[in-house]
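**Student:** Below: one structure in structure tokens.
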Amino acid sequence: MPAPLRIGVFGGTFNPIHVCHLRVAARAKELVGLDRVVFVPAAHPPHKADEKLVAARHRLEMTRRAIAGRPGFEVDDLELRRPGPSYSVDTLDEFRRRHPAAELYVLVGVETFLELSTWREPHRLFAASRVVVIARAGRSFEALAGVPWIGDTPRAVLAGFDATTGEAALDLGPTVRVVLVKIAPCDVSSTQVREDLAAGRAVKNLLPAPVYFYILEHRLYGARDAGA
Ligand code: ATP
């Protein structure tokens with residue numbers, strides 16, 4: 001029997017997508033052994049204030065352009081086609097319908113994982129998929145100690161993983177459906193990109209080139225002109 005397809009589902013606001021989103025997806029793909037990573041832009045993120053959110057069509061198009069020509073990366077607009085708030089658990093149901101035999105992996109940064117209790121039906125999310133938690137600059141895995149989703153994983157194991165050098169994946173075992181992924185810190189956030197654009201500071205190195213040009217062309221986030 002062929003090995004089941006391993007699909008990573010990478011949800012986000014992608015407002016805008018930046019170089020660290022791409023790096024996170026690429027490293028998780030390699031370290032966890034995923035066949036593909038599907039970027040899923042959220043329509044109405046239940047956890048984020050709406051005022052700085054640019055139109056979904058722009059975020060979708062920037063995501064498309066960012067991953068164009070990158071093998072194993074896909075974008076899916078299913079959350080944008082669905083009315084109402086975006087819940088990851090509904091998205092996973094849809095992936096499960098499409099790929100009944102696949103292994104599904106939800107990709108999240110450490111700080112997003114810490115908010116998971118506020119998500120809709122987190123237990124069902126863990127039943128449907130495994131969760132890949134990716135290191136984020138300034139956040140330690142030790143901060144996850146006591147989080148119910150990692151069972152009785154000792155604090156020392158988390159701290160030990162923080163202390164290891166190099167990039168690696170740590171599977172927390174068959175009952176805990178969580179894999180930690182340590183990558184070289186990649187310190188960019190969409191918030192920083194938006195703030196830098198609005199202030200006229202350089203953002204070219206923070207964005208995939210096609211995204212940078214798209215933002216300038218459509219004057220998103222208060223971007224001024226070339227040279228931003
Ligand atoms: P914002 O600054 O607007 O909150 P963001 O940069 O966190 O945005 P999102 O689109 O909210 O970007 O992130 C989607 C997913 O990618 C989340 O799970 C988030 O934790 C993760 N992520 C984003 N940036 C990084 C990064 N630099 N390192 C690791 N994970 C990241």
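In the structure tokens, chains take letters A, B, ... by order of appearance, with residues numbered from 1 within each chain and ligands from 1 in the order shown.
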Which residues sit within 10 Å of ligand 1, counting only C-alpha atoms and all ligand atoms, listed as a ChimeraX atom specification?
**Tutor:** /A:10-25,39-42,45,47-49,52-53,59,106-115,132-139,181-195
**Student:** Identify, on the basis of only C-alpha atoms, every residue whose closest approach to Val178 in chain A does not exceed 9 Å; exclude the query and any residue fewer than 3 positions from it along the same chain; express the result as a ChimeraX atom specification.
**Tutor:** /A:126,130-133,149-150,170-175
**Student:** Rank nothing, just name the residue among A:Val32, A:Leu80, A:Ala169, A:Leu220 nearest to Leu197 in chain A, using only C-alpha atoms.
**Tutor:**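 Of A:Val32, A:Leu80, A:Ala169, A:Leu220, the one nearest Leu197 in chain A, counting only C-alpha atoms, is A:Leu220.
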**Student:** Suppose you want the space between CA of Ile67 in chain A and CA of Tyr212 in chain A; what is it in Å?
**Tutor:** 13.3 Å
**Student:** Which residues are near Ala3 in chain A? Cut-off 12 Å, only C-alpha atoms, ignore same chain within fewer than 6 positions. Put them as an mmCIF file with N, CA and C atoms, in the first residue's frame.
**Tutor:**
```
data_model
loop_
_atom_site.group_PDB
_atom_site.id
_atom_site.type_symbol
_atom_site.label_atom_id
_atom_site.label_comp_id
_atom_site.auth_asym_id
_atom_site.auth_seq_id
_atom_site.Cartn_x
_atom_site.Cartn_y
_atom_site.Cartn_z
ATOM 1 N N GLY A 33 8.280 16.093 6.685
ATOM 2 C CA GLY A 33 8.112 15.172 5.563
ATOM 3 C C GLY A 33 6.729 15.274 4.933
ATOM 4 N N LEU A 34 6.264 16.510 4.735
ATOM 5 C CA LEU A 34 4.951 16.711 4.118
ATOM 6 C C LEU A 34 5.092 16.649 2.591
ATOM 7 N N ASP A 35 4.058 16.138 1.943
ATOM 8 C CA ASP A 35 4.082 16.115 0.474
ATOM 9 C C ASP A 35 3.747 17.486 -0.094
ATOM 10 N N ALA A 101 -7.959 9.461 2.870
ATOM 11 C CA ALA A 101 -6.873 8.620 3.384
ATOM 12 C C ALA A 101 -5.629 9.408 3.780
ATOM 13 N N ALA A 102 -5.663 10.714 3.606
ATOM 14 C CA ALA A 102 -4.447 11.509 3.853
ATOM 15 C C ALA A 102 -4.188 11.702 5.342
ATOM 16 N N GLU A 103 -2.940 11.983 5.681
ATOM 17 C CA GLU A 103 -2.612 12.463 7.025
ATOM 18 C C GLU A 103 -2.599 13.977 6.953
#
```
**Student:** Any chance you could list, as a PyMOL selection string, the residues in range 44-185 of chain A that come up strand (DSSP E) when DSSP is run on the backbone?
**Tutor:** chain A and resi 73-75+103-109+130-134+168-171+178-182
**Student:** List every residue of range 131-206 of chain A that DSSP, applied to the backbone, labels as alpha helix (DSSP H), and write the result as a PyMOL selection string.
**Tutor:** chain A and resi 155-163+190-199
